Amino acid sequence: MGFRYKWWGKGDIDACFGVFFDGFSKVLTASGILLLVFGMPAEIVLGKVVPGIGLAVFAGNLWYFYEARELAHREKRHNVTALPFGIGSSQMSGWLYLIMGPVYWQTGDAELAFQVGLASSFIGGVVEVLGGFLGRWIVRVVPHSALMGNMASSALVWLTVAGIAMVFDRPVYALLPLLLVLIDYLGKADKRFPRIPTGAAAVVLGAALAWGFGYLTPQGLADSFSQVGFYPPTFCGGDLWAGLSRVVEFLPIILPLQINNFLSTLQGVESARAAGDVYPERRTMIVDGCTTLLGSLFGNPFPTTVYFGHPGWKALDARAGFPLVNAGAYLLLCFTGLIGVLMSLIPTEAVMILLVFVGFSVTASTFQELDRSHAGVVLLSLIPILFQYIQTLLDSALQAAGTSVETLGTAAFSEASVYMMGIQYLGNGAFLSSLLLAGLLAYVVDKRYFRAAAFAGALAVSSFIGMIHAESVSLFSPVGVVFGVVYLLAGAFLVGKGICFPAPKTPADPLSPEEKTAAETKHTA
């Protein structure tokens, strides 16, 4: 008698709730920001974006159900757990605040902002597919602390800092749920998974408080049902093509964010491997890129990814049932307009608390995992991204006041001790400069000066072509030349230091930790 995989385990119910609230909280947050903060029309958000998200996440969850079933049949065992999957947190925030938001604020054209978001996601999907072939090489070349520092910094700034601002803007119903999540999750030294998800309970509490104090009303709920209907995904190839004309200027945002995205998938696959479920990493990374590409063609501007957490769900005996349930839930909510009803039931700020926690968690785990000598690497990677947030905040505030930096002039800011030029130089291309500066410092800490010099060279090239520090991508702009020359001089100094002080050869550790990991897991590619 042939083997029949029992794809539903006792932990699948917990996994259904946990993964769904983790993933769908991003959909609710993104929809709320697009509709309520950016003021984009419902026909774009609910008619195109949300169905596109539903299609992409549905397709990915079906694939990971199939992948788990295939592994179970191949190894003839039931305790195979599927990979959790959905929209990436940092990517969602980056696309909202650094790509779609700025386009909409500058032009007032919601359709153009949507088109640029789609085009950026399409390019991001291509980067994810290439990551299936280049991921291991990047892990070998870029120090682990620089990669993790860049990821932690983007999560801390664009999830936690931006999210806490939203929470404290509505303390009556958002602050207490946030505190409950932080106390229950961050206060658990054993990091165990709760049987009743604290995040879900906190969201329900926030919604109850919002209703109790009149922030949400029965009239708003009744009005939301007018948007209920059938919203199938629509092919948006024309919109994507129109957005490609503006996508080049956002490459300094797209490239490093998507490098982190496919490396997150790689880490998710490795954590599954450590827990006993060996999935083909290259195929998984390519599938993530394909679902991102599929979504961008049908209205979803946000890249997809494998989530962390597989070992925790496996410990609860979750199998492959939760991806199927989540796939069905996304179809139901995203294709029917019911997400508008959910938004009238649950305030955006109450859902944002889950993303605030994600930012805290990623940053805390980064500092816990890395060697103390590399703490400065993480802090350095934080600085450009923090200034990018400040730059975005200032630009938005000035626009709300009906003016701009160009109108006022940087001299006016200097008189008030606001160094606007420095903020702009650091903010432009911050994700890429964060990664490269952190890589340079990491190799300096390890006394690998020639590799550090190579990163200085990469910083110089990025400056010369306008990928960092400059307002737009352009060859040999005056700003780019200044920074490029400085980085070249720093690289020359590092080469001299490498010649004078060669790195000692230690037989006990001939390979870096990244090289060891790549060598040990090469067969899984």
# chains A, B, ... in the order shown; residues from 1 in each chain; ligands from 1

$ residues_around --residues "A:Val27" --least-positions-apart "4" --cutoff "9 Å" --atoms "only C-alpha atoms" --output "MDAnalysis selection string"
chainID A and resid 23 31:32 50 53 87 339

$ write_last_selection --atoms "N, CA, C and O atoms" --output "PDB file, in the first residue's frame"
ATOM      1  N   GLY A  23       0.864  37.580   8.145  1.00  0.00           N
ATOM      2  CA  GLY A  23       0.843  38.009   6.751  1.00  0.00           C
ATOM      3  C   GLY A  23      -0.258  38.990   6.422  1.00  0.00           C
ATOM      4  O   GLY A  23      -0.014  40.016   5.784  1.00  0.00           O
ATOM      5  N   SER A  31      -3.157  48.477   2.898  1.00  0.00           N
ATOM      6  CA  SER A  31      -4.415  49.012   2.358  1.00  0.00           C
ATOM      7  C   SER A  31      -4.846  50.256   3.122  1.00  0.00           C
ATOM      8  O   SER A  31      -5.282  51.255   2.523  1.00  0.00           O
ATOM      9  N   GLY A  32      -4.708  50.211   4.455  1.00  0.00           N
ATOM     10  CA  GLY A  32      -5.077  51.372   5.259  1.00  0.00           C
ATOM     11  C   GLY A  32      -4.214  52.579   4.963  1.00  0.00           C
ATOM     12  O   GLY A  32      -4.711  53.715   4.867  1.00  0.00           O
ATOM     13  N   VAL A  50      -5.310  44.904  -3.935  1.00  0.00           N
ATOM     14  CA  VAL A  50      -5.689  43.808  -3.027  1.00  0.00           C
ATOM     15  C   VAL A  50      -5.918  42.490  -3.771  1.00  0.00           C
ATOM     16  O   VAL A  50      -5.411  41.443  -3.345  1.00  0.00           O
ATOM     17  N   ILE A  53      -2.527  41.067  -4.626  1.00  0.00           N
ATOM     18  CA  ILE A  53      -1.896  40.460  -3.456  1.00  0.00           C
ATOM     19  C   ILE A  53      -2.475  39.070  -3.219  1.00  0.00           C
ATOM     20  O   ILE A  53      -1.745  38.095  -2.967  1.00  0.00           O
ATOM     21  N   ILE A  87       3.676  38.386   2.110  1.00  0.00           N
ATOM     22  CA  ILE A  87       4.277  39.671   1.732  1.00  0.00           C
ATOM     23  C   ILE A  87       5.388  40.003   2.721  1.00  0.00           C
ATOM     24  O   ILE A  87       5.236  39.834   3.933  1.00  0.00           O
ATOM     25  N   ILE A 339     -12.088  42.978   2.577  1.00  0.00           N
ATOM     26  CA  ILE A 339     -11.002  43.634   3.302  1.00  0.00           C
ATOM     27  C   ILE A 339     -11.432  45.033   3.743  1.00  0.00           C
ATOM     28  O   ILE A 339     -11.013  45.527   4.799  1.00  0.00           O
TER      29      ILE A 339
END

$ residues_around --residues "A:Phe360" --least-positions-apart "3" --cutoff "7 Å" --atoms "only C-alpha atoms" --output "compact mmCIF listing (two decimals) with N, CA and C atoms, in the first residue's frame"
# COMPACT_ATOMS: atom_id res chain seq x y z
N LEU A 156 13.96 48.00 11.85
CA LEU A 156 13.83 48.88 13.01
C LEU A 156 13.25 50.23 12.63
N THR A 160 9.38 49.52 13.04
CA THR A 160 9.20 49.90 14.44
C THR A 160 9.05 51.41 14.62
N VAL A 356 5.33 46.48 14.31
CA VAL A 356 6.26 47.08 15.28
C VAL A 356 7.03 45.98 16.00
N PHE A 357 6.32 44.94 16.40
CA PHE A 357 6.98 43.82 17.08
C PHE A 357 7.97 43.12 16.17
N THR A 363 15.63 43.10 15.05
CA THR A 363 16.78 43.85 15.55
C THR A 363 17.39 43.19 16.77
N ALA A 364 16.55 42.76 17.71
CA ALA A 364 17.06 42.13 18.94
C ALA A 364 17.79 40.84 18.62

$ closest_residue --among "A:Val57, A:Phe21, A:Ala82, A:Leu130" --to "A:Leu331" --atoms "only C-alpha atoms"
A:Val57

$ residues_around --residues "A:Leu28" --least-positions-apart "4" --cutoff "12 Å" --atoms "only C-alpha atoms" --output "PyMOL selection string"
chain A and resi 20-24+32-36+45-46+49-50+53+87+92+203+330+333-334+338-355

$ write_last_selection --atoms "N, CA and C atoms" --output "CSV table (one decimal), in the first residue's frame"
chain,number,residue,atom,x,y,z
A,20,PHE,N,-1.4,33.6,9.3
A,20,PHE,CA,-2.4,34.4,8.7
A,20,PHE,C,-2.3,35.8,9.3
A,21,PHE,N,-2.3,36.0,10.6
A,21,PHE,CA,-2.3,37.3,11.2
A,21,PHE,C,-0.9,38.0,10.9
A,22,ASP,N,0.1,37.2,10.8
A,22,ASP,CA,1.4,37.8,10.5
A,22,ASP,C,1.4,38.4,9.1
A,23,GLY,N,0.9,37.6,8.1
A,23,GLY,CA,0.8,38.0,6.8
A,23,GLY,C,-0.3,39.0,6.4
A,24,PHE,N,-1.5,38.7,6.9
A,24,PHE,CA,-2.6,39.5,6.5
A,24,PHE,C,-2.6,40.9,7.2
A,32,GLY,N,-4.7,50.2,4.5
A,32,GLY,CA,-5.1,51.4,5.3
A,32,GLY,C,-4.2,52.6,5.0
A,33,ILE,N,-2.9,52.4,4.8
A,33,ILE,CA,-2.0,53.5,4.5
A,33,ILE,C,-2.3,54.1,3.1
A,34,LEU,N,-2.5,53.2,2.1
A,34,LEU,CA,-2.8,53.7,0.8
A,34,LEU,C,-4.1,54.4,0.7
A,35,LEU,N,-5.1,53.9,1.4
A,35,LEU,CA,-6.4,54.6,1.4
A,35,LEU,C,-6.5,55.8,2.3
A,36,LEU,N,-6.1,55.6,3.6
A,36,LEU,CA,-6.4,56.7,4.6
A,36,LEU,C,-5.2,57.7,4.7
A,45,VAL,N,-6.9,50.6,-5.0
A,45,VAL,CA,-6.5,49.8,-3.8
A,45,VAL,C,-7.3,48.5,-3.7
A,46,LEU,N,-8.6,48.7,-3.7
A,46,LEU,CA,-9.5,47.5,-3.5
A,46,LEU,C,-9.7,46.7,-4.8
A,49,VAL,N,-4.9,46.5,-6.3
A,49,VAL,CA,-3.8,46.1,-5.5
A,49,VAL,C,-4.2,44.8,-4.6
A,50,VAL,N,-5.3,44.9,-3.9
A,50,VAL,CA,-5.7,43.8,-3.0
A,50,VAL,C,-5.9,42.5,-3.8
A,53,ILE,N,-2.5,41.1,-4.6
A,53,ILE,CA,-1.9,40.5,-3.5
A,53,ILE,C,-2.5,39.1,-3.2
A,87,ILE,N,3.7,38.4,2.1
A,87,ILE,CA,4.3,39.7,1.7
A,87,ILE,C,5.4,40.0,2.7
A,92,MET,N,7.4,45.8,2.0
A,92,MET,CA,6.1,46.5,2.0
A,92,MET,C,6.3,48.0,2.5
A,203,VAL,N,-4.9,42.6,18.7
A,203,VAL,CA,-5.7,43.3,17.7
A,203,VAL,C,-7.1,43.4,18.0
A,330,TYR,N,-7.1,34.1,1.8
A,330,TYR,CA,-6.7,35.3,1.0
A,330,TYR,C,-7.6,35.4,-0.2
A,333,LEU,N,-11.0,37.0,1.1
A,333,LEU,CA,-11.0,38.3,1.6
A,333,LEU,C,-10.5,39.3,0.5
A,334,CYS,N,-9.6,38.9,-0.4
A,334,CYS,CA,-9.0,39.8,-1.4
A,334,CYS,C,-9.9,39.9,-2.7
A,338,LEU,N,-14.1,42.2,1.0
A,338,LEU,CA,-14.3,42.1,2.4
A,338,LEU,C,-13.2,42.7,3.2
A,339,ILE,N,-12.1,43.0,2.6
A,339,ILE,CA,-11.0,43.6,3.3
A,339,ILE,C,-11.4,45.0,3.7
A,340,GLY,N,-12.3,45.7,3.0
A,340,GLY,CA,-12.8,47.0,3.4
A,340,GLY,C,-13.7,46.9,4.6
A,341,VAL,N,-14.4,45.8,4.7
A,341,VAL,CA,-15.2,45.6,5.9
A,341,VAL,C,-14.3,45.3,7.1
A,342,LEU,N,-13.2,44.5,6.9
A,342,LEU,CA,-12.3,44.3,8.0
A,342,LEU,C,-11.7,45.6,8.5
A,343,MET,N,-11.3,46.5,7.5
A,343,MET,CA,-10.7,47.8,7.9
A,343,MET,C,-11.7,48.7,8.7
A,344,SER,N,-13.0,48.5,8.4
A,344,SER,CA,-14.0,49.3,9.2
A,344,SER,C,-14.2,48.6,10.6
A,345,LEU,N,-13.8,47.4,10.8
A,345,LEU,CA,-13.9,46.7,12.0
A,345,LEU,C,-12.7,46.8,12.9
A,346,ILE,N,-11.5,46.9,12.2
A,346,ILE,CA,-10.2,46.9,12.9
A,346,ILE,C,-9.4,48.1,12.4
A,347,PRO,N,-9.0,49.0,13.3
A,347,PRO,CA,-8.2,50.2,12.9
A,347,PRO,C,-6.8,49.8,12.5
A,348,THR,N,-6.3,50.5,11.5
A,348,THR,CA,-5.0,50.3,11.0
A,348,THR,C,-3.9,50.3,12.1
A,349,GLU,N,-4.0,51.2,13.0
A,349,GLU,CA,-3.0,51.3,14.0
A,349,GLU,C,-2.9,50.1,14.9
A,350,ALA,N,-4.1,49.5,15.2
A,350,ALA,CA,-4.1,48.3,16.0
A,350,ALA,C,-3.5,47.1,15.3
A,351,VAL,N,-3.5,47.1,14.0
A,351,VAL,CA,-2.8,46.0,13.2
A,351,VAL,C,-1.3,46.3,13.1
A,352,MET,N,-1.0,47.6,13.1
A,352,MET,CA,0.4,48.0,12.9
A,352,MET,C,1.3,47.5,14.1
A,353,ILE,N,0.7,47.2,15.2
A,353,ILE,CA,1.5,46.8,16.4
A,353,ILE,C,2.2,45.5,16.1
A,354,LEU,N,1.7,44.7,15.2
A,354,LEU,CA,2.3,43.4,14.9
A,354,LEU,C,3.6,43.7,14.1
A,355,LEU,N,3.6,44.7,13.2
A,355,LEU,CA,4.8,45.0,12.5
A,355,LEU,C,5.8,45.7,13.3

$ residues_around --residues "A:Val485" --least-positions-apart "3" --cutoff "12 Å" --atoms "only C-alpha atoms" --output "VMD selection string"
chain A and resid 456 to 464 476 478 to 482 488 to 492

$ write_last_selection --atoms "C-alpha atoms" --output "compact mmCIF listing (two decimals), in the first residue's frame"
# COMPACT_ATOMS: atom_id res chain seq x y z
CA ALA A 456 35.34 51.12 -0.74
CA GLY A 457 35.65 50.64 -4.48
CA ALA A 458 32.00 49.53 -4.67
CA LEU A 459 31.01 52.67 -2.75
CA ALA A 460 33.01 54.79 -5.18
CA VAL A 461 31.42 53.20 -8.25
CA SER A 462 27.94 53.55 -6.71
CA SER A 463 28.66 57.24 -6.07
CA PHE A 464 29.96 57.88 -9.58
CA PHE A 476 29.59 61.56 -12.70
CA PRO A 478 29.21 66.76 -9.05
CA VAL A 479 27.99 65.23 -5.78
CA GLY A 480 28.80 61.71 -6.95
CA VAL A 481 32.33 62.68 -7.97
CA VAL A 482 33.09 64.19 -4.55
CA LEU A 488 38.69 55.81 -3.60
CA LEU A 489 41.13 57.52 -1.25
CA ALA A 490 39.78 55.45 1.64
CA GLY A 491 40.23 52.34 -0.49
CA ALA A 492 43.84 53.28 -1.28
